[in-house]
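Below: one structure, written as structure tokens.
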Amino acid sequence: MYKIVTKKALNPTVTQMEIEAPLVARKAKPGQFIILRTDAEGERIPLTVAGCSAENGTVKIIFQIVGATTAALGRKEQGEYIEDFVGPLGVATHTEGIKKVCIVGGGVGCAIAMPVAEEFHRLGASVTSIIGFRNKDLLILEDEFKACSDSLTVMTDDGSYGREGNVTIPLREMLEAGDKFDMIITIGPLIMMKFVVETARPFGVPVTVSMNPIMIDGTGMCGGCRLTLNRDGKKITKFACVDGPDFNGYEVDFDEAMSRGRMYADFERHAYEKACNLFKKA
């Protein structure tokens with residue numbers, strides 16, 4: 001059992017928790033993830049490590065309530081316990097040799113982007129961050145990004161905070177102005193990452209995307225997290241849990257990934273509604 005040390009609401013649907021997991025905290029690096037179960041009967045879900053303290057033995061997770069399991073996790077309170085907390089899993093974000101990086105985060109994906117930005121800042125790289133949200137009420141982690149970024153641009157779709165528009169607007173402006181990034185790292189909705197890749201393509205800047213497909217065991221055995229990459233004219237299959245979650249954005253078949261991501265949408269909605277109804281009756 002793993003104790004919830006702290007719990008904090010970041011916006012109406014996004015929650016941050018610190019979990020007491022000293023073995024994970026000792027080894028986890030930015031870009032890696034964990035798989036947890038809220039209780040013995042629960043499903044396994046992957047969540048990215050949003051920070052950790054080896055000294056305190058805690059791991060930070062940030063999640064959005066979108067389904068039955070995240071709703072159950074959100075009902076847990078500080079001082080309570082979750083059943084399983086396995087990790088760190090996946091390959092840490094590549095940082096070697098990168099001196100100037102642009103971090104592009106969207107929505108709750110900013111929870112994954114933030115520790116990556118912090119790591120580059122710690123290593124002495126120049127960090128430009130662009131973060132985007134649908135509106136001001138959904139904004140998260142602005143202060144954290146300010147603390148680790150040489151430049152921060154906040155975008156909202158409706159213009160209720162920061163600049164109006166999506167994250168590709170300032171990115172294109174920077175690239176057209178001649179900014180030379182060693183790497184662009186983008187983390188967020190698939191459609192956002194696809195358009196970040198297409199924005200960068202004419203400029204030839206390397207783009208890393210963080211993929212979070214359907215995942216069950218986290219060891220590559222179930223095959224649920226498989227992705228198709230187009231490499232040198234050939235289609236190859238990789239698994240996000242063991243080969244990623246970071247991939248070369250120019251190689252990812254985003255259309256297939258988005259199609260696969262919608263496969264269980266109806267099932268997830270029904271499971272969420274059932275769980276909510278049971279909770280209300282209780």
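Labels used: A, B, ... for chains in the order of the structure tokens, numbers from 1 for residues in each chain, and numbers from 1 for ligands as shown.
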Exercise. Excluding segment 211-221 of chain A and residues on its chain fewer than 6 positions from it, collect all residues at most 10 Å away from it, counting only C-alpha atoms, and give them as an NGL selection string.
Key: :A and (33-35 or 43-48 or 86-87 or 89-90 or 109 or 186-190 or 193 or 227 or 238-247 or 249 or 252 or 254 or 257-258 or 260-264)
Sorted by chain and rising residue number, list the residues of segment 189-265 of chain A at most 12 Å from segment 100-106 of chain A (counting only C-alpha atoms), each with its closest atom pair and distance in Å to one decimal, as JSON lines.
```
{"residue": "A:Pro189", "atom": "CA", "partner": "A:Gly106", "partner_atom": "CA", "distance": 6.7}
{"residue": "A:Leu190", "atom": "CA", "partner": "A:Gly106", "partner_atom": "CA", "distance": 9.8}
{"residue": "A:Ile191", "atom": "CA", "partner": "A:Gly106", "partner_atom": "CA", "distance": 10.3}
{"residue": "A:Met192", "atom": "CA", "partner": "A:Gly106", "partner_atom": "CA", "distance": 7.3}
{"residue": "A:Met193", "atom": "CA", "partner": "A:Val104", "partner_atom": "CA", "distance": 8.6}
{"residue": "A:Lys194", "atom": "CA", "partner": "A:Val104", "partner_atom": "CA", "distance": 11.9}
{"residue": "A:Phe195", "atom": "CA", "partner": "A:Val104", "partner_atom": "CA", "distance": 11.3}
{"residue": "A:Val196", "atom": "CA", "partner": "A:Val104", "partner_atom": "CA", "distance": 8.2}
{"residue": "A:Val197", "atom": "CA", "partner": "A:Val104", "partner_atom": "CA", "distance": 10.7}
{"residue": "A:Thr199", "atom": "CA", "partner": "A:Val104", "partner_atom": "CA", "distance": 12.0}
{"residue": "A:Ala200", "atom": "CA", "partner": "A:Cys102", "partner_atom": "CA", "distance": 11.1}
{"residue": "A:Val205", "atom": "CA", "partner": "A:Cys102", "partner_atom": "CA", "distance": 10.3}
{"residue": "A:Pro206", "atom": "CA", "partner": "A:Val101", "partner_atom": "CA", "distance": 10.1}
{"residue": "A:Val207", "atom": "CA", "partner": "A:Cys102", "partner_atom": "CA", "distance": 9.4}
{"residue": "A:Thr208", "atom": "CA", "partner": "A:Ile103", "partner_atom": "CA", "distance": 9.7}
{"residue": "A:Val209", "atom": "CA", "partner": "A:Val104", "partner_atom": "CA", "distance": 9.6}
{"residue": "A:Ser210", "atom": "CA", "partner": "A:Gly105", "partner_atom": "CA", "distance": 10.2}
```
Go ahead and save the residues from that selection, with all heavy atoms, as a tab-separated table (two decimals), in the first residue's frame.
```tsv
chain	number	residue	atom	x	y	z
A	189	PRO	N	-2.28	16.75	-26.12
A	189	PRO	CA	-3.20	15.99	-26.98
A	189	PRO	C	-2.53	15.61	-28.30
A	189	PRO	O	-1.70	16.36	-28.82
A	189	PRO	CB	-4.36	16.97	-27.21
A	189	PRO	CG	-4.29	17.92	-26.06
A	189	PRO	CD	-2.85	18.06	-25.73
A	190	LEU	N	-2.92	14.47	-28.84
A	190	LEU	CA	-2.30	13.98	-30.07
A	190	LEU	C	-2.42	14.99	-31.21
A	190	LEU	O	-1.46	15.20	-31.95
A	190	LEU	CB	-2.93	12.65	-30.48
A	190	LEU	CG	-2.55	11.44	-29.64
A	190	LEU	CD1	-3.43	10.25	-30.00
A	190	LEU	CD2	-1.08	11.09	-29.81
A	191	ILE	N	-3.59	15.59	-31.35
A	191	ILE	CA	-3.78	16.53	-32.45
A	191	ILE	C	-2.86	17.74	-32.29
A	191	ILE	O	-2.35	18.28	-33.28
A	191	ILE	CB	-5.27	16.96	-32.56
A	191	ILE	CG1	-5.52	17.73	-33.84
A	191	ILE	CG2	-5.71	17.73	-31.34
A	191	ILE	CD1	-5.35	16.92	-35.10
A	192	MET	N	-2.64	18.18	-31.06
A	192	MET	CA	-1.72	19.29	-30.83
A	192	MET	C	-0.30	18.92	-31.22
A	192	MET	O	0.39	19.67	-31.91
A	192	MET	CB	-1.77	19.72	-29.36
A	192	MET	CG	-0.92	20.94	-29.04
A	192	MET	SD	-0.35	21.01	-27.32
A	192	MET	CE	1.10	19.95	-27.39
A	193	MET	N	0.13	17.73	-30.78
A	193	MET	CA	1.49	17.31	-31.09
A	193	MET	C	1.68	17.14	-32.60
A	193	MET	O	2.74	17.48	-33.14
A	193	MET	CB	1.83	16.01	-30.35
A	193	MET	CG	1.89	16.19	-28.84
A	193	MET	SD	2.66	14.79	-27.98
A	193	MET	CE	1.45	13.51	-28.23
A	194	LYS	N	0.66	16.64	-33.27
A	194	LYS	CA	0.75	16.49	-34.72
A	194	LYS	C	1.00	17.83	-35.40
A	194	LYS	O	1.87	17.95	-36.29
A	194	LYS	CB	-0.54	15.87	-35.26
A	194	LYS	CG	-0.58	15.76	-36.78
A	194	LYS	CD	-1.89	15.15	-37.27
A	194	LYS	CE	-1.92	15.08	-38.80
A	194	LYS	NZ	-3.18	14.47	-39.30
A	195	PHE	N	0.30	18.87	-34.96
A	195	PHE	CA	0.46	20.17	-35.60
A	195	PHE	C	1.74	20.89	-35.16
A	195	PHE	O	2.28	21.70	-35.92
A	195	PHE	CB	-0.79	21.03	-35.36
A	195	PHE	CG	-1.91	20.68	-36.28
A	195	PHE	CD1	-2.97	19.91	-35.85
A	195	PHE	CD2	-1.88	21.08	-37.61
A	195	PHE	CE1	-4.00	19.56	-36.71
A	195	PHE	CE2	-2.90	20.74	-38.49
A	195	PHE	CZ	-3.97	19.98	-38.04
A	196	VAL	N	2.24	20.58	-33.98
A	196	VAL	CA	3.55	21.10	-33.59
A	196	VAL	C	4.62	20.52	-34.51
A	196	VAL	O	5.51	21.23	-35.00
A	196	VAL	CB	3.86	20.76	-32.12
A	196	VAL	CG1	5.35	21.02	-31.81
A	196	VAL	CG2	3.00	21.59	-31.18
A	197	VAL	N	4.51	19.22	-34.79
A	197	VAL	CA	5.45	18.57	-35.71
A	197	VAL	C	5.38	19.22	-37.09
A	197	VAL	O	6.42	19.53	-37.71
A	197	VAL	CB	5.17	17.06	-35.80
A	197	VAL	CG1	5.98	16.42	-36.94
A	197	VAL	CG2	5.49	16.37	-34.48
A	199	THR	N	4.37	22.19	-37.85
A	199	THR	CA	4.88	23.56	-37.79
A	199	THR	C	6.40	23.58	-37.86
A	199	THR	O	7.00	24.45	-38.51
A	199	THR	CB	4.41	24.24	-36.48
A	199	THR	OG1	2.98	24.28	-36.47
A	199	THR	CG2	4.96	25.65	-36.36
A	200	ALA	N	7.04	22.63	-37.22
A	200	ALA	CA	8.50	22.58	-37.18
A	200	ALA	C	9.12	21.99	-38.44
A	200	ALA	O	10.28	22.28	-38.76
A	200	ALA	CB	8.95	21.77	-35.96
A	205	VAL	N	13.82	21.35	-37.54
A	205	VAL	CA	14.20	21.22	-36.13
A	205	VAL	C	13.74	19.86	-35.61
A	205	VAL	O	12.57	19.48	-35.81
A	205	VAL	CB	13.57	22.34	-35.28
A	205	VAL	CG1	14.03	22.24	-33.83
A	205	VAL	CG2	13.90	23.71	-35.85
A	206	PRO	N	14.60	19.09	-34.94
A	206	PRO	CA	14.17	17.82	-34.36
A	206	PRO	C	13.01	18.01	-33.37
A	206	PRO	O	13.01	18.97	-32.60
A	206	PRO	CB	15.42	17.31	-33.63
A	206	PRO	CG	16.56	18.01	-34.30
A	206	PRO	CD	16.03	19.36	-34.69
A	207	VAL	N	12.03	17.12	-33.44
A	207	VAL	CA	10.87	17.20	-32.54
A	207	VAL	C	10.68	15.86	-31.84
A	207	VAL	O	10.57	14.82	-32.48
A	207	VAL	CB	9.58	17.56	-33.30
A	207	VAL	CG1	8.41	17.68	-32.31
A	207	VAL	CG2	9.73	18.85	-34.09
A	208	THR	N	10.63	15.91	-30.52
A	208	THR	CA	10.32	14.74	-29.72
A	208	THR	C	8.90	14.86	-29.20
A	208	THR	O	8.50	15.92	-28.70
A	208	THR	CB	11.29	14.62	-28.52
A	208	THR	OG1	12.59	14.33	-29.00
A	208	THR	CG2	10.86	13.49	-27.59
A	209	VAL	N	8.12	13.79	-29.33
A	209	VAL	CA	6.74	13.78	-28.82
A	209	VAL	C	6.64	12.71	-27.74
A	209	VAL	O	7.31	11.68	-27.80
A	209	VAL	CB	5.72	13.50	-29.95
A	209	VAL	CG1	5.78	14.60	-31.00
A	209	VAL	CG2	5.96	12.13	-30.60
A	210	SER	N	5.81	12.98	-26.75
A	210	SER	CA	5.59	12.02	-25.67
A	210	SER	C	4.24	11.35	-25.88
A	210	SER	O	3.20	12.01	-25.81
A	210	SER	CB	5.63	12.73	-24.31
A	210	SER	OG	5.41	11.82	-23.25
```
Practice problem: Could you give me, as a PyMOL selection string, each residue of segment 68-238 of chain A that DSSP assigns to helix (DSSP H, G or I) when run on this structure's backbone? | Solution: chain A and resi 68-75+107-122+136-138+142-148+168-176+190-203
Residue list (strand (DSSP E), DSSP) for segment 1-48 of chain A, as a tab-separated table (two decimals) with N, CA and C atoms, in the first residue's frame:
```
chain	number	residue	atom	x	y	z
A	2	TYR	N	0.40	2.28	-0.69
A	2	TYR	CA	1.20	3.49	-0.86
A	2	TYR	C	0.40	4.70	-0.37
A	3	LYS	N	0.98	5.42	0.56
A	3	LYS	CA	0.28	6.51	1.24
A	3	LYS	C	0.24	7.78	0.38
A	4	ILE	N	-0.92	8.44	0.37
A	4	ILE	CA	-1.06	9.75	-0.26
A	4	ILE	C	-0.61	10.79	0.75
A	5	VAL	N	0.55	11.40	0.50
A	5	VAL	CA	1.14	12.33	1.47
A	5	VAL	C	0.51	13.71	1.35
A	6	THR	N	0.29	14.17	0.12
A	6	THR	CA	-0.37	15.46	-0.09
A	6	THR	C	-1.35	15.33	-1.25
A	7	LYS	N	-2.36	16.20	-1.25
A	7	LYS	CA	-3.33	16.27	-2.34
A	7	LYS	C	-3.69	17.72	-2.57
A	8	LYS	N	-3.68	18.14	-3.84
A	8	LYS	CA	-3.95	19.54	-4.16
A	8	LYS	C	-4.69	19.62	-5.48
A	9	ALA	N	-5.79	20.37	-5.52
A	9	ALA	CA	-6.53	20.61	-6.76
A	9	ALA	C	-5.83	21.71	-7.55
A	10	LEU	N	-5.46	21.43	-8.81
A	10	LEU	CA	-4.83	22.43	-9.66
A	10	LEU	C	-5.85	23.20	-10.48
A	11	ASN	N	-6.94	22.56	-10.82
A	11	ASN	CA	-8.10	23.22	-11.43
A	11	ASN	C	-9.29	22.29	-11.20
A	14	VAL	N	-8.28	18.69	-12.52
A	14	VAL	CA	-6.91	18.21	-12.45
A	14	VAL	C	-6.41	18.26	-11.00
A	15	THR	N	-5.85	17.15	-10.55
A	15	THR	CA	-5.40	17.01	-9.17
A	15	THR	C	-3.93	16.60	-9.12
A	16	GLN	N	-3.23	17.13	-8.14
A	16	GLN	CA	-1.83	16.75	-7.90
A	16	GLN	C	-1.75	16.00	-6.57
A	17	MET	N	-1.02	14.89	-6.58
A	17	MET	CA	-0.78	14.12	-5.36
A	17	MET	C	0.70	13.81	-5.23
A	18	GLU	N	1.15	13.70	-4.00
A	18	GLU	CA	2.47	13.14	-3.71
A	18	GLU	C	2.25	11.80	-3.03
A	19	ILE	N	2.89	10.78	-3.58
A	19	ILE	CA	2.72	9.41	-3.09
A	19	ILE	C	4.01	8.94	-2.43
A	20	GLU	N	3.88	8.34	-1.28
A	20	GLU	CA	5.05	7.80	-0.58
A	20	GLU	C	5.47	6.49	-1.26
A	33	PHE	N	7.32	7.02	-16.27
A	33	PHE	CA	5.96	6.96	-15.75
A	33	PHE	C	5.83	5.82	-14.75
A	34	ILE	N	4.68	5.80	-14.09
A	34	ILE	CA	4.36	4.70	-13.18
A	34	ILE	C	3.02	4.10	-13.61
A	35	ILE	N	2.71	2.92	-13.10
A	35	ILE	CA	1.38	2.34	-13.28
A	35	ILE	C	0.82	2.08	-11.88
A	36	LEU	N	-0.42	2.50	-11.67
A	36	LEU	CA	-1.01	2.34	-10.34
A	36	LEU	C	-2.36	1.67	-10.41
A	37	ARG	N	-2.79	1.14	-9.25
A	37	ARG	CA	-4.16	0.69	-9.04
A	37	ARG	C	-4.66	1.34	-7.76
A	45	ILE	N	-3.59	1.90	-14.51
A	45	ILE	CA	-3.49	3.07	-15.39
A	45	ILE	C	-2.09	3.68	-15.29
A	46	PRO	N	-1.57	4.16	-16.41
A	46	PRO	CA	-0.25	4.81	-16.40
A	46	PRO	C	-0.38	6.30	-16.11
A	47	LEU	N	0.53	6.82	-15.31
A	47	LEU	CA	0.61	8.26	-15.06
A	47	LEU	C	2.07	8.67	-15.06
A	48	THR	N	2.37	9.77	-15.69
A	48	THR	CA	3.74	10.23	-15.78
A	48	THR	C	4.22	10.77	-14.45
```
Quiz item: Between atom CA of Ile98 of chain A and atom CA of Ala125 of chain A, what is the spacing in Å?
Solution: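 Answer for the atom CA of Ala125 of chain A to atom CA of Ile98 of chain A separation: 6.9 Å.
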May I have the residues within 12 Å of Ile169 of chain A as a compact mmCIF listing (two decimals) with N, CA and C atoms, in the first residue's frame, using only C-alpha atoms and disregarding those fewer than 2 positions away in the same chain?
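Output file out.txt follows:
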```txt
# COMPACT_ATOMS: atom_id res chain seq x y z
N VAL A 104 6.87 22.48 -25.48
CA VAL A 104 5.51 22.87 -25.87
C VAL A 104 4.54 21.92 -25.19
N ILE A 130 6.28 27.00 -24.05
CA ILE A 130 4.99 27.45 -24.56
C ILE A 130 3.94 26.49 -24.01
N ILE A 131 2.97 27.02 -23.28
CA ILE A 131 1.94 26.15 -22.71
C ILE A 131 0.57 26.68 -23.12
N GLY A 132 -0.34 25.76 -23.41
CA GLY A 132 -1.65 26.15 -23.92
C GLY A 132 -2.79 25.45 -23.23
N THR A 153 5.57 31.50 -22.72
CA THR A 153 4.40 32.04 -23.39
C THR A 153 3.19 31.19 -23.01
N VAL A 154 2.14 31.84 -22.53
CA VAL A 154 0.90 31.14 -22.17
C VAL A 154 -0.16 31.47 -23.21
N MET A 155 -0.79 30.43 -23.75
CA MET A 155 -1.83 30.59 -24.76
C MET A 155 -3.16 30.03 -24.23
N THR A 156 -4.26 30.69 -24.56
CA THR A 156 -5.59 30.13 -24.30
C THR A 156 -6.40 30.22 -25.59
N ASP A 157 -7.19 29.18 -25.83
CA ASP A 157 -7.98 29.14 -27.07
C ASP A 157 -8.91 30.35 -27.19
N ARG A 163 -2.02 34.91 -24.39
CA ARG A 163 -2.34 35.22 -25.78
C ARG A 163 -3.46 34.31 -26.27
N GLU A 164 -4.24 34.81 -27.19
CA GLU A 164 -5.31 34.01 -27.78
C GLU A 164 -4.77 33.15 -28.91
N GLY A 165 -5.20 31.88 -28.93
CA GLY A 165 -4.80 30.98 -30.00
C GLY A 165 -4.14 29.73 -29.48
N ASN A 166 -3.61 28.92 -30.39
CA ASN A 166 -2.99 27.67 -29.98
C ASN A 166 -1.46 27.80 -29.94
N VAL A 167 -0.82 26.77 -29.45
CA VAL A 167 0.62 26.83 -29.17
C VAL A 167 1.48 26.92 -30.42
N LEU A 171 5.18 29.35 -31.60
CA LEU A 171 6.27 28.49 -32.08
C LEU A 171 6.67 28.88 -33.49
N ARG A 172 5.70 29.06 -34.37
CA ARG A 172 6.00 29.46 -35.74
C ARG A 172 6.69 30.82 -35.77
N GLU A 173 6.22 31.75 -34.95
CA GLU A 173 6.83 33.07 -34.89
C GLU A 173 8.30 32.99 -34.50
N MET A 174 8.59 32.15 -33.51
CA MET A 174 9.98 32.00 -33.05
C MET A 174 10.85 31.40 -34.14
N LEU A 175 10.35 30.38 -34.80
CA LEU A 175 11.12 29.72 -35.85
C LEU A 175 11.33 30.66 -37.05
N GLU A 176 10.30 31.40 -37.40
CA GLU A 176 10.43 32.33 -38.52
C GLU A 176 11.37 33.48 -38.18
N MET A 192 -2.64 18.18 -31.06
CA MET A 192 -1.72 19.29 -30.83
C MET A 192 -0.30 18.92 -31.22
N PHE A 195 0.30 18.87 -34.96
CA PHE A 195 0.46 20.17 -35.60
C PHE A 195 1.74 20.89 -35.16
N VAL A 196 2.24 20.58 -33.98
CA VAL A 196 3.55 21.10 -33.59
C VAL A 196 4.62 20.52 -34.51
N THR A 199 4.37 22.19 -37.85
CA THR A 199 4.88 23.56 -37.79
C THR A 199 6.40 23.58 -37.86
N ALA A 200 7.04 22.63 -37.22
CA ALA A 200 8.50 22.58 -37.18
C ALA A 200 9.12 21.99 -38.44
```
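In this comparison, which uses only C-alpha atoms, the residue of A:Ala25, A:Val91, A:Ala113, A:Cys225 approaching Cys52 of chain A most closely is A:Ala25.
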Quiz prompt | Shortest interatomic distance to Leu23 of chain A - which of A:Ala117, A:Ala54, A:Leu73, A:Ile185, counting only C-alpha atoms | solution = A:Ala54
Practice problem: Using only C-alpha atoms, determine which residues lie at most 12 Å from Asp232 of chain A, disregarding the query and same-chain residues fewer than 4 positions distant; provide the list as a ChimeraX atom specification. | Solution: /A:236,250-251
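Nearest residue to Val116 of chain A, choosing from A:Ala72, A:Leu138, A:Val49, A:Ile65 and counting only C-alpha atoms: A:Val49.
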Quiz item: When you draw a straight line from atom CA of Ala50 of chain A to atom CA of Ile112 of chain A, how long is it in Å?
Solution: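 If I compute the distance from atom CA of Ala50 of chain A to atom CA of Ile112 of chain A, I get 5.8 Å.
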Quiz prompt | Between atom CA of Ser129 of chain A and atom CA of Leu152 of chain A - distance in Å to one decimal | solution =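 Computed distance, atom CA of Leu152 of chain A to atom CA of Ser129 of chain A, equals 4.8 Å.
Minimum distance to Thr70 of chain A across A:Pro88, A:Gly178, A:Gly57, A:Gly42 (counting only C-alpha atoms) occurs at A:Gly42.
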Quiz item: So, counting only C-alpha atoms, which residue among A:Glu80, A:Glu55, A:Glu142, A:Glu256 is closest to Asp39 of chain A?
Solution: A:Glu80
